[in-house]
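Structure file entry06.cif (mmCIF, C-alpha atoms and all ligand atoms) follows.
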data_protein
#
loop_
_atom_site.label_atom_id
_atom_site.label_comp_id
_atom_site.auth_asym_id
_atom_site.auth_seq_id
_atom_site.Cartn_x
_atom_site.Cartn_y
_atom_site.Cartn_z
CA MET F 1 -26.40 -16.29 -20.80
CA LYS F 2 -24.32 -16.69 -23.94
CA LEU F 3 -23.05 -13.13 -23.60
CA LYS F 4 -22.14 -13.69 -19.96
CA LYS F 5 -20.19 -16.81 -20.89
CA ALA F 6 -18.42 -14.96 -23.68
CA LEU F 7 -17.52 -12.15 -21.34
CA LEU F 8 -16.20 -14.61 -18.80
CA ILE F 9 -13.98 -16.31 -21.38
CA LEU F 10 -12.82 -12.93 -22.63
CA GLY F 11 -12.09 -11.96 -19.06
CA VAL F 12 -9.94 -15.03 -18.55
CA VAL F 13 -8.06 -14.42 -21.80
CA VAL F 14 -7.47 -10.79 -20.86
CA PHE F 15 -6.35 -11.89 -17.41
CA ILE F 16 -3.70 -14.19 -18.87
CA LEU F 17 -2.51 -11.55 -21.33
CA SER F 18 -2.32 -8.84 -18.71
CA CYS F 19 -0.08 -10.42 -16.14
CA ALA F 20 2.84 -8.35 -14.93
CA THR F 21 5.76 -9.53 -12.84
CA ASN F 22 6.01 -8.28 -9.28
CA PRO F 23 9.64 -7.16 -8.89
CA PHE F 24 9.65 -8.01 -5.19
CA THR F 25 8.46 -11.57 -5.43
CA GLY F 26 9.08 -12.48 -9.06
CA LYS F 27 5.49 -13.72 -9.11
CA LYS F 28 3.12 -13.05 -11.99
CA THR F 29 0.35 -10.73 -10.94
CA MET F 30 -2.77 -9.41 -12.60
CA ALA F 31 -2.41 -5.93 -14.02
CA LEU F 32 -5.52 -5.41 -16.05
CA VAL F 33 -5.83 -1.73 -15.33
CA PRO F 34 -2.58 -0.08 -16.42
CA ASN F 35 -0.92 2.36 -14.02
CA SER F 36 -1.29 5.08 -16.66
CA GLN F 37 -5.05 4.89 -16.10
CA LEU F 38 -5.19 3.89 -12.46
CA PHE F 39 -2.81 6.54 -11.12
CA PRO F 40 -4.55 9.69 -12.43
CA THR F 41 -7.83 8.47 -10.91
CA SER F 42 -6.04 7.73 -7.67
CA PHE F 43 -4.34 11.14 -7.62
CA ALA F 44 -7.63 12.96 -8.22
CA GLN F 45 -9.35 11.02 -5.43
CA TYR F 46 -6.47 11.77 -3.08
CA ASP F 47 -6.61 15.50 -3.81
CA GLN F 48 -10.33 15.46 -3.18
CA PHE F 49 -9.80 13.68 0.13
CA LEU F 50 -7.29 16.33 1.21
CA THR F 51 -9.74 19.14 0.48
CA GLU F 52 -12.43 17.41 2.56
CA ASN F 53 -10.24 16.64 5.58
CA LYS F 54 -8.11 18.56 8.02
CA VAL F 55 -4.49 18.28 6.87
CA VAL F 56 -1.96 19.06 9.59
CA THR F 57 0.85 21.35 8.46
CA GLY F 58 3.76 23.09 10.14
CA THR F 59 4.01 20.77 13.15
CA LYS F 60 6.80 18.46 14.29
CA ASP F 61 4.58 15.44 13.61
CA ALA F 62 3.70 16.60 10.09
CA ALA F 63 7.40 17.11 9.35
CA MET F 64 8.17 13.65 10.71
CA ILE F 65 5.60 11.99 8.41
CA THR F 66 7.15 13.71 5.39
CA ARG F 67 10.70 12.88 6.49
CA VAL F 68 9.95 9.19 7.06
CA GLY F 69 7.98 8.98 3.81
CA GLN F 70 10.83 10.45 1.81
CA ARG F 71 13.37 8.10 3.39
CA ILE F 72 11.19 5.06 2.68
CA ALA F 73 10.66 6.18 -0.94
CA VAL F 74 14.42 6.63 -1.41
CA ALA F 75 14.97 3.15 0.06
CA ALA F 76 12.41 1.72 -2.38
CA GLU F 77 14.14 3.37 -5.32
CA ARG F 78 17.58 2.11 -4.21
CA TRP F 79 16.25 -1.42 -3.79
CA LEU F 80 14.49 -1.42 -7.18
CA ASN F 81 17.53 0.03 -8.99
CA ALA F 82 19.87 -2.48 -7.36
CA ASN F 83 17.62 -5.31 -8.48
CA GLY F 84 17.37 -4.28 -12.12
CA HIS F 85 14.06 -2.41 -12.00
CA GLU F 86 15.19 1.11 -12.94
CA GLY F 87 12.28 3.30 -13.95
CA TYR F 88 9.73 1.23 -12.03
CA LEU F 89 8.69 4.28 -10.02
CA ASN F 90 8.48 6.69 -12.96
CA ASP F 91 4.72 7.13 -12.72
CA TYR F 92 4.69 7.36 -8.93
CA LYS F 93 4.08 10.75 -7.36
CA TRP F 94 4.91 10.38 -3.68
CA GLU F 95 2.99 12.51 -1.22
CA TYR F 96 2.73 12.19 2.55
CA ASN F 97 0.09 13.94 4.61
CA LEU F 98 -0.91 13.88 8.26
CA VAL F 99 -4.65 14.28 8.80
CA ASP F 100 -6.21 15.38 12.07
CA ASP F 101 -8.49 12.44 12.84
CA LYS F 102 -8.57 10.16 15.89
CA THR F 103 -9.02 7.06 13.72
CA VAL F 104 -6.16 4.58 14.19
CA ASN F 105 -5.17 4.20 10.56
CA ALA F 106 -2.80 4.96 7.71
CA TRP F 107 -3.08 4.13 4.03
CA CYS F 108 -1.40 4.49 0.65
CA MET F 109 -3.34 4.88 -2.57
CA PRO F 110 -2.00 3.63 -5.93
CA GLY F 111 0.95 5.67 -7.15
CA GLY F 112 2.29 6.61 -3.70
CA LYS F 113 -0.36 8.85 -2.12
CA ILE F 114 -0.10 8.39 1.63
CA VAL F 115 -2.19 9.51 4.59
CA PHE F 116 -1.45 9.06 8.29
CA TYR F 117 -4.18 9.88 10.80
CA THR F 118 -3.08 11.56 14.02
CA GLY F 119 -4.88 8.72 15.86
CA ILE F 120 -2.19 6.23 14.91
CA LEU F 121 0.72 8.32 16.23
CA PRO F 122 0.45 7.27 19.91
CA ILE F 123 0.64 3.61 18.83
CA ALA F 124 3.52 4.31 16.44
CA ASN F 125 5.25 5.71 19.52
CA GLY F 126 7.94 7.62 17.63
CA GLU F 127 9.67 7.81 14.29
CA THR F 128 10.76 4.17 14.02
CA GLY F 129 7.19 2.98 14.57
CA VAL F 130 6.00 5.43 11.91
CA ALA F 131 8.65 3.96 9.59
CA ALA F 132 7.30 0.45 10.16
CA ILE F 133 3.78 1.58 9.20
CA MET F 134 5.07 3.68 6.29
CA GLY F 135 7.12 0.74 4.97
CA HIS F 136 4.06 -1.50 5.06
CA GLU F 137 1.78 0.98 3.30
CA VAL F 138 4.37 1.90 0.67
CA ALA F 139 4.90 -1.83 0.06
CA HIS F 140 1.21 -2.25 -0.85
CA ALA F 141 1.61 0.55 -3.39
CA LEU F 142 4.87 -0.78 -4.83
CA ALA F 143 3.53 -4.28 -5.23
CA ASN F 144 0.43 -2.85 -6.94
CA HIS F 145 -1.89 -4.65 -4.57
CA GLY F 146 -4.62 -2.07 -5.13
CA GLN F 147 -4.28 -2.50 -8.86
CA GLN F 148 -4.56 -6.26 -8.57
CA ARG F 149 -7.72 -5.95 -6.53
CA MET F 150 -9.09 -3.49 -9.09
CA SER F 151 -8.27 -5.88 -11.92
CA ALA F 152 -10.01 -8.73 -10.15
CA ALA F 153 -13.06 -6.53 -9.68
CA TYR F 154 -13.11 -5.60 -13.35
CA VAL F 155 -13.01 -9.21 -14.47
CA GLN F 156 -15.72 -10.06 -11.96
CA GLN F 157 -17.98 -7.31 -13.23
CA GLY F 158 -17.34 -7.95 -16.90
CA LEU F 159 -15.88 -4.48 -17.33
CA ALA F 160 -12.65 -5.77 -18.76
CA VAL F 161 -13.51 -5.65 -22.42
CA ALA F 162 -10.73 -6.27 -24.95
CA GLY F 163 -8.06 -5.72 -22.34
CA ASN F 164 -8.38 -1.98 -22.48
CA VAL F 165 -10.13 -0.63 -19.43
CA ALA F 166 -10.81 3.04 -19.04
CA ILE F 167 -11.76 4.47 -15.67
CA LYS F 168 -13.61 7.25 -17.43
CA ASP F 169 -17.18 5.98 -17.48
CA GLU F 170 -19.31 5.98 -14.38
CA LYS F 171 -19.61 2.22 -13.98
CA SER F 172 -15.83 1.80 -13.99
CA ARG F 173 -15.37 4.68 -11.59
CA ASN F 174 -17.86 3.13 -9.19
CA ALA F 175 -15.93 -0.13 -9.32
CA PHE F 176 -12.74 1.76 -8.59
CA ASN F 177 -14.31 3.45 -5.61
CA GLN F 178 -15.83 0.23 -4.36
CA TYR F 179 -12.73 -1.89 -4.70
CA TYR F 180 -10.12 0.59 -3.77
CA GLY F 181 -12.30 2.17 -1.14
CA VAL F 182 -11.70 5.75 -2.17
CA GLY F 183 -14.03 8.69 -2.62
CA THR F 184 -16.39 9.10 0.29
CA GLN F 185 -15.22 5.75 1.60
CA VAL F 186 -11.58 6.67 1.55
CA GLY F 187 -9.61 5.24 4.42
CA VAL F 188 -12.22 2.57 4.96
CA MET F 189 -10.70 0.23 2.43
CA LEU F 190 -11.61 -3.37 2.03
CA PRO F 191 -8.95 -5.46 3.69
CA PHE F 192 -6.16 -6.77 1.52
CA SER F 193 -5.84 -10.52 1.19
CA ARG F 194 -3.73 -12.49 3.62
CA SER F 195 -1.01 -13.05 1.03
CA HIS F 196 -0.89 -9.33 0.20
CA GLU F 197 -0.57 -8.47 3.89
CA THR F 198 2.28 -10.93 4.40
CA GLU F 199 4.00 -9.61 1.27
CA ALA F 200 3.60 -5.98 2.42
CA ASP F 201 4.97 -6.87 5.87
CA LYS F 202 8.11 -8.39 4.36
CA ILE F 203 8.76 -5.67 1.76
CA GLY F 204 7.98 -3.01 4.37
CA LEU F 205 10.51 -4.49 6.76
CA TYR F 206 13.23 -4.39 4.08
CA LEU F 207 12.37 -0.80 3.19
CA MET F 208 12.51 0.46 6.77
CA ALA F 209 15.86 -1.27 7.32
CA ILE F 210 17.37 0.14 4.10
CA ALA F 211 16.06 3.56 5.20
CA GLY F 212 18.04 3.13 8.44
CA TYR F 213 15.17 2.31 10.81
CA ASN F 214 15.54 -0.64 13.16
CA PRO F 215 13.38 -3.50 11.78
CA ASP F 216 13.16 -5.03 15.28
CA GLU F 217 10.64 -2.28 16.00
CA ALA F 218 8.05 -3.66 13.55
CA SER F 219 7.04 -6.60 15.73
CA GLU F 220 6.95 -4.27 18.76
CA LEU F 221 4.63 -1.95 16.85
CA TRP F 222 2.27 -4.81 16.10
CA LYS F 223 2.22 -5.80 19.75
CA ARG F 224 1.01 -2.28 20.53
CA MET F 225 -1.51 -2.50 17.68
CA LYS F 226 -2.83 -5.75 19.12
CA ALA F 227 -3.13 -4.28 22.61
CA ASN F 228 -5.03 -1.32 21.16
CA SER F 229 -7.43 -3.14 18.85
CA GLY F 230 -9.63 -4.81 21.47
CA GLY F 231 -13.03 -5.52 19.98
CA GLN F 232 -13.08 -2.88 17.23
CA ALA F 233 -13.47 -3.60 13.54
CA PRO F 234 -9.92 -3.54 12.22
CA PRO F 235 -8.97 -0.78 9.77
CA GLU F 236 -6.53 -1.63 6.96
CA ILE F 237 -3.41 -1.32 9.07
CA LEU F 238 -4.98 -3.47 11.77
CA SER F 239 -6.21 -6.09 9.32
CA THR F 240 -6.61 -9.42 11.05
CA HIS F 241 -5.27 -11.28 8.02
CA PRO F 242 -2.91 -12.72 9.05
CA SER F 243 -3.71 -12.83 12.73
CA ASN F 244 -1.80 -10.45 14.93
CA ASP F 245 0.13 -13.23 16.62
CA SER F 246 1.41 -14.86 13.44
CA ARG F 247 2.18 -11.43 12.06
CA ILE F 248 4.25 -10.48 15.13
CA ALA F 249 6.14 -13.79 15.00
CA ASN F 250 6.71 -13.46 11.27
CA LEU F 251 8.05 -9.90 11.55
CA ALA F 252 10.37 -10.79 14.43
CA ALA F 253 11.72 -13.78 12.49
CA LEU F 254 12.32 -11.68 9.37
CA ALA F 255 14.08 -8.77 11.10
CA PRO F 256 17.61 -10.28 10.82
CA THR F 257 17.04 -10.88 7.07
CA ALA F 258 15.98 -7.24 6.70
CA LYS F 259 19.16 -6.11 8.46
CA ALA F 260 21.22 -8.30 6.12
CA GLU F 261 19.42 -6.74 3.15
CA ALA F 262 20.18 -3.24 4.49
CA LYS F 263 23.86 -4.15 4.82
CA LYS F 264 24.01 -4.63 1.03
CA PHE F 265 23.26 -0.90 0.85
CA GLY F 266 25.87 0.02 3.42
CA VAL F 267 23.34 0.49 6.23
CA THR F 268 24.61 -1.17 9.41
CA THR F 269 23.33 1.11 12.17
CA PHE F 270 19.67 1.77 12.82
CA ARG F 271 17.76 4.51 14.53
ZN ZN F 301 -1.72 -3.84 4.80
#
Once you've parsed the file, please lay out its structure as structure tokens.
Ligand SMILES: [Zn+2]
Amino acid sequence: MKLKKALLILGVVVFILSCATNPFTGKKTMALVPNSQLFPTSFAQYDQFLTENKVVTGTKDAAMITRVGQRIAVAAERWLNANGHEGYLNDYKWEYNLVDDKTVNAWCMPGGKIVFYTGILPIANGETGVAAIMGHEVAHALANHGQQRMSAAYVQQGLAVAGNVAIKDEKSRNAFNQYYGVGTQVGVMLPFSRSHETEADKIGLYLMAIAGYNPDEASELWKRMKANSGGQAPPEILSTHPSNDSRIANLAALAPTAKAEAKKFGVTTFR
């Protein structure tokens, strides 16, 4: 019992010492597992996923995923640089792959490793819809939402000893897999929290607008998502937190702000 209590106190101390500032919100966030340790694990898991799944190459759709991904990443870099966060993306290694799978989903692992399933393309209904999804997923990665969830898990499991967590031992790796939902469970991630979803929606909207995609399309996309999701357990992109209706209303209300943000970067017309 005494040890548990000590670990808990240590965990709290480490938590306070390990807060990082989210450049998008200015809020303090938990960053117990440094990117230098989280990203290599993420990259390895992503590579493994690609070997175990059918990656689509050489098609129009595959080229579109790459094109949209690159434009969103450039938008992210421009936004970060303009707001005094040069070098923020140094450890990121962007990669965009289309996987032949009828699942309606897309995800981004820590450090910018993205997968779109072919099953989500009919709902995306074209490049602008893909940009809305891409913006949202990239936003989760930029805001380190996965890392925050990992950090919370480490504190919870008493793995965060002395503020220096390695993902090398088996117990830590299992926690990574469990809380980021990678490995065999990849793509079936635990839902992000409501606040993380709302944050990713907003950042994603800005990114798509700066990349030249019409942010008005985001709320339209979510209407299609809602129409499609009848009764099924929602995958990450269809997360019910917040509810579809409040999400649609929120995105529609924010679209003019996203266009105003894009104007700062000289983007005034949208595809
Ligand atoms: Zn999300």
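The closest residue to Pro256 of chain F, picked from F:Lys102, F:Arg271, F:Lys226, F:Lys202 and counting all atoms listed in the file, is F:Lys202.
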Would you kindly return, as an NGL selection string, each protein, DNA or RNA residue with an atom no farther than 8 Å from any atom of segment 127-137 of chain F, considering all atoms listed in the file and excluding same-chain residues fewer than 4 positions away? :F and (64-65 or 68-69 or 72 or 106-108 or 114 or 121 or 123 or 141 or 200-201 or 203-205 or 207-208 or 213-215 or 217-218 or 221 or 237 or 271)
Could you jot down the atom CA of Lys93 of chain F to atom CA of Gly112 of chain F separation for me, Å, one decimal place? 5.8 Å
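Between atom CA of Asp101 of chain F and atom CA of Ile120 of chain F lies a distance of 9.1 Å.
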With only C-alpha atoms as the atoms that count, which of F:Lys264, F:Arg224, F:Lys54, F:His140 lies nearest to Arg78 of chain F?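 Once distances to Arg78 of chain F are computed over only C-alpha atoms, the minimum belongs to F:Lys264.
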What would the list of residues within 9 Å of (4.1, 5.7, -12.9) (file frame) look like as a list in words, if all atoms listed in the file are what count?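 It turns out the residues near that spot are Asn35, Ser36, Phe39, Gly87, Tyr88, Leu89, Asn90, Asp91, Tyr92, Lys93 and Gly111 of chain F.
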Please dump the current selection as a short mmCIF file (atom, residue, chain, number, x, y, z; two decimals), keeping the file's coordinate frame; keep C-alpha atoms.
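Result file selection.cif:
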data_model
loop_
_atom_site.label_atom_id
_atom_site.label_comp_id
_atom_site.auth_asym_id
_atom_site.auth_seq_id
_atom_site.Cartn_x
_atom_site.Cartn_y
_atom_site.Cartn_z
CA ASN F 35 -0.92 2.36 -14.02
CA SER F 36 -1.29 5.08 -16.66
CA PHE F 39 -2.81 6.54 -11.12
CA GLY F 87 12.28 3.30 -13.95
CA TYR F 88 9.73 1.23 -12.03
CA LEU F 89 8.69 4.28 -10.02
CA ASN F 90 8.48 6.69 -12.96
CA ASP F 91 4.72 7.13 -12.72
CA TYR F 92 4.69 7.36 -8.93
CA LYS F 93 4.08 10.75 -7.36
CA GLY F 111 0.95 5.67 -7.15
#
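In terms of minimum interatomic distance to Asp61 of chain F, F:Leu98 ranks closest within F:Glu199, F:Leu142, F:Pro23, F:Leu98, counting all atoms listed in the file.
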Restricting the calculation to all atoms listed in the file, which member of F:Ile210, F:Ala227, F:Ala124, F:Met109 is positioned closest to Lys259 of chain F?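 The shortest atom-to-atom distance to Lys259 of chain F comes from F:Ile210.
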From the list F:Ala139, F:Ala62, F:Val56, F:Ala73, the nearest residue to Val99 of chain F using all atoms listed in the file is F:Val56
Nearest residue to ligand ZN 301 (chain F) from the set F:Glu197, F:Glu261, F:Glu220, F:Asp47 (distances using only C-alpha atoms and all ligand atoms):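 Closest residue, counting only C-alpha atoms and all ligand atoms: F:Glu197.
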Could you tell me how far atom CA of Gly119 of chain F lies from atom CA of Ala253 of chain F, in Å and to one decimal?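 The value is 28.2 Å.
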Tell me which protein, DNA and RNA residues are within 8 Å of Arg71 of chain F, counting only C-alpha atoms, leaving out same-chain ones fewer than 4 positions away, and put them as JSON, numbers by chain. {"F": [67, 75, 211]}
Would you please take segment 114-136 of chain F of the structure in the block above and write N, CA, C and O atoms to a file as a PDB file, in the first residue's frame?
ATOM      1  N   ILE F 114      -0.097   8.246 -41.311  1.00  0.00           N
ATOM      2  CA  ILE F 114      -1.527   8.272 -41.624  1.00  0.00           C
ATOM      3  C   ILE F 114      -1.971   7.092 -42.488  1.00  0.00           C
ATOM      4  O   ILE F 114      -1.252   6.692 -43.403  1.00  0.00           O
ATOM      5  N   VAL F 115      -3.153   6.580 -42.179  1.00  0.00           N
ATOM      6  CA  VAL F 115      -3.778   5.563 -43.027  1.00  0.00           C
ATOM      7  C   VAL F 115      -5.219   5.965 -43.323  1.00  0.00           C
ATOM      8  O   VAL F 115      -5.952   6.398 -42.425  1.00  0.00           O
ATOM      9  N   PHE F 116      -5.589   5.866 -44.596  1.00  0.00           N
ATOM     10  CA  PHE F 116      -6.990   5.965 -45.019  1.00  0.00           C
ATOM     11  C   PHE F 116      -7.401   4.588 -45.512  1.00  0.00           C
ATOM     12  O   PHE F 116      -6.654   3.944 -46.243  1.00  0.00           O
ATOM     13  N   TYR F 117      -8.584   4.127 -45.104  1.00  0.00           N
ATOM     14  CA  TYR F 117      -9.130   2.899 -45.667  1.00  0.00           C
ATOM     15  C   TYR F 117      -9.973   3.262 -46.886  1.00  0.00           C
ATOM     16  O   TYR F 117     -10.635   4.307 -46.894  1.00  0.00           O
ATOM     17  N   THR F 118      -9.970   2.384 -47.879  1.00  0.00           N
ATOM     18  CA  THR F 118     -10.766   2.658 -49.084  1.00  0.00           C
ATOM     19  C   THR F 118     -12.255   2.809 -48.729  1.00  0.00           C
ATOM     20  O   THR F 118     -12.976   3.528 -49.413  1.00  0.00           O
ATOM     21  N   GLY F 119     -12.686   2.173 -47.634  1.00  0.00           N
ATOM     22  CA  GLY F 119     -14.087   2.231 -47.219  1.00  0.00           C
ATOM     23  C   GLY F 119     -14.595   3.616 -46.878  1.00  0.00           C
ATOM     24  O   GLY F 119     -15.803   3.861 -46.877  1.00  0.00           O
ATOM     25  N   ILE F 120     -13.677   4.534 -46.576  1.00  0.00           N
ATOM     26  CA  ILE F 120     -14.123   5.879 -46.199  1.00  0.00           C
ATOM     27  C   ILE F 120     -14.238   6.793 -47.431  1.00  0.00           C
ATOM     28  O   ILE F 120     -14.880   7.856 -47.364  1.00  0.00           O
ATOM     29  N   LEU F 121     -13.691   6.365 -48.554  1.00  0.00           N
ATOM     30  CA  LEU F 121     -13.658   7.242 -49.734  1.00  0.00           C
ATOM     31  C   LEU F 121     -15.047   7.612 -50.279  1.00  0.00           C
ATOM     32  O   LEU F 121     -15.264   8.777 -50.643  1.00  0.00           O
ATOM     33  N   PRO F 122     -16.004   6.660 -50.337  1.00  0.00           N
ATOM     34  CA  PRO F 122     -17.329   7.063 -50.827  1.00  0.00           C
ATOM     35  C   PRO F 122     -17.972   8.143 -49.951  1.00  0.00           C
ATOM     36  O   PRO F 122     -18.697   9.000 -50.451  1.00  0.00           O
ATOM     37  N   ILE F 123     -17.709   8.112 -48.651  1.00  0.00           N
ATOM     38  CA  ILE F 123     -18.295   9.117 -47.750  1.00  0.00           C
ATOM     39  C   ILE F 123     -17.536  10.440 -47.874  1.00  0.00           C
ATOM     40  O   ILE F 123     -18.118  11.517 -47.799  1.00  0.00           O
ATOM     41  N   ALA F 124     -16.235  10.355 -48.079  1.00  0.00           N
ATOM     42  CA  ALA F 124     -15.440  11.573 -48.314  1.00  0.00           C
ATOM     43  C   ALA F 124     -15.959  12.272 -49.570  1.00  0.00           C
ATOM     44  O   ALA F 124     -15.996  13.500 -49.634  1.00  0.00           O
ATOM     45  N   ASN F 125     -16.355  11.480 -50.553  1.00  0.00           N
ATOM     46  CA  ASN F 125     -17.003  12.025 -51.745  1.00  0.00           C
ATOM     47  C   ASN F 125     -16.144  13.060 -52.468  1.00  0.00           C
ATOM     48  O   ASN F 125     -16.633  14.125 -52.874  1.00  0.00           O
ATOM     49  N   GLY F 126     -14.847  12.777 -52.586  1.00  0.00           N
ATOM     50  CA  GLY F 126     -13.974  13.679 -53.336  1.00  0.00           C
ATOM     51  C   GLY F 126     -12.867  14.261 -52.483  1.00  0.00           C
ATOM     52  O   GLY F 126     -12.788  14.033 -51.275  1.00  0.00           O
ATOM     53  N   GLU F 127     -12.014  15.031 -53.131  1.00  0.00           N
ATOM     54  CA  GLU F 127     -10.781  15.497 -52.507  1.00  0.00           C
ATOM     55  C   GLU F 127     -11.014  16.436 -51.313  1.00  0.00           C
ATOM     56  O   GLU F 127     -10.291  16.370 -50.323  1.00  0.00           O
ATOM     57  N   THR F 128     -12.023  17.297 -51.398  1.00  0.00           N
ATOM     58  CA  THR F 128     -12.259  18.231 -50.293  1.00  0.00           C
ATOM     59  C   THR F 128     -12.715  17.498 -49.034  1.00  0.00           C
ATOM     60  O   THR F 128     -12.307  17.840 -47.920  1.00  0.00           O
ATOM     61  N   GLY F 129     -13.523  16.456 -49.220  1.00  0.00           N
ATOM     62  CA  GLY F 129     -13.940  15.628 -48.085  1.00  0.00           C
ATOM     63  C   GLY F 129     -12.758  14.887 -47.472  1.00  0.00           C
ATOM     64  O   GLY F 129     -12.636  14.780 -46.245  1.00  0.00           O
ATOM     65  N   VAL F 130     -11.873  14.392 -48.327  1.00  0.00           N
ATOM     66  CA  VAL F 130     -10.647  13.742 -47.844  1.00  0.00           C
ATOM     67  C   VAL F 130      -9.821  14.745 -47.032  1.00  0.00           C
ATOM     68  O   VAL F 130      -9.277  14.410 -45.973  1.00  0.00           O
ATOM     69  N   ALA F 131      -9.777  15.992 -47.511  1.00  0.00           N
ATOM     70  CA  ALA F 131      -9.010  17.036 -46.808  1.00  0.00           C
ATOM     71  C   ALA F 131      -9.592  17.308 -45.418  1.00  0.00           C
ATOM     72  O   ALA F 131      -8.838  17.560 -44.463  1.00  0.00           O
ATOM     73  N   ALA F 132     -10.913  17.253 -45.302  1.00  0.00           N
ATOM     74  CA  ALA F 132     -11.544  17.475 -43.992  1.00  0.00           C
ATOM     75  C   ALA F 132     -11.143  16.370 -43.014  1.00  0.00           C
ATOM     76  O   ALA F 132     -10.831  16.638 -41.846  1.00  0.00           O
ATOM     77  N   ILE F 133     -11.140  15.122 -43.503  1.00  0.00           N
ATOM     78  CA  ILE F 133     -10.751  13.989 -42.650  1.00  0.00           C
ATOM     79  C   ILE F 133      -9.255  14.078 -42.325  1.00  0.00           C
ATOM     80  O   ILE F 133      -8.831  13.920 -41.182  1.00  0.00           O
ATOM     81  N   MET F 134      -8.456  14.361 -43.357  1.00  0.00           N
ATOM     82  CA  MET F 134      -7.003  14.457 -43.179  1.00  0.00           C
ATOM     83  C   MET F 134      -6.661  15.543 -42.156  1.00  0.00           C
ATOM     84  O   MET F 134      -5.821  15.338 -41.277  1.00  0.00           O
ATOM     85  N   GLY F 135      -7.320  16.697 -42.283  1.00  0.00           N
ATOM     86  CA  GLY F 135      -7.075  17.808 -41.356  1.00  0.00           C
ATOM     87  C   GLY F 135      -7.350  17.376 -39.922  1.00  0.00           C
ATOM     88  O   GLY F 135      -6.549  17.642 -39.016  1.00  0.00           O
ATOM     89  N   HIS F 136      -8.443  16.678 -39.731  1.00  0.00           N
ATOM     90  CA  HIS F 136      -8.837  16.217 -38.396  1.00  0.00           C
ATOM     91  C   HIS F 136      -7.808  15.238 -37.826  1.00  0.00           C
ATOM     92  O   HIS F 136      -7.377  15.369 -36.674  1.00  0.00           O
TER      93      HIS F 136
END
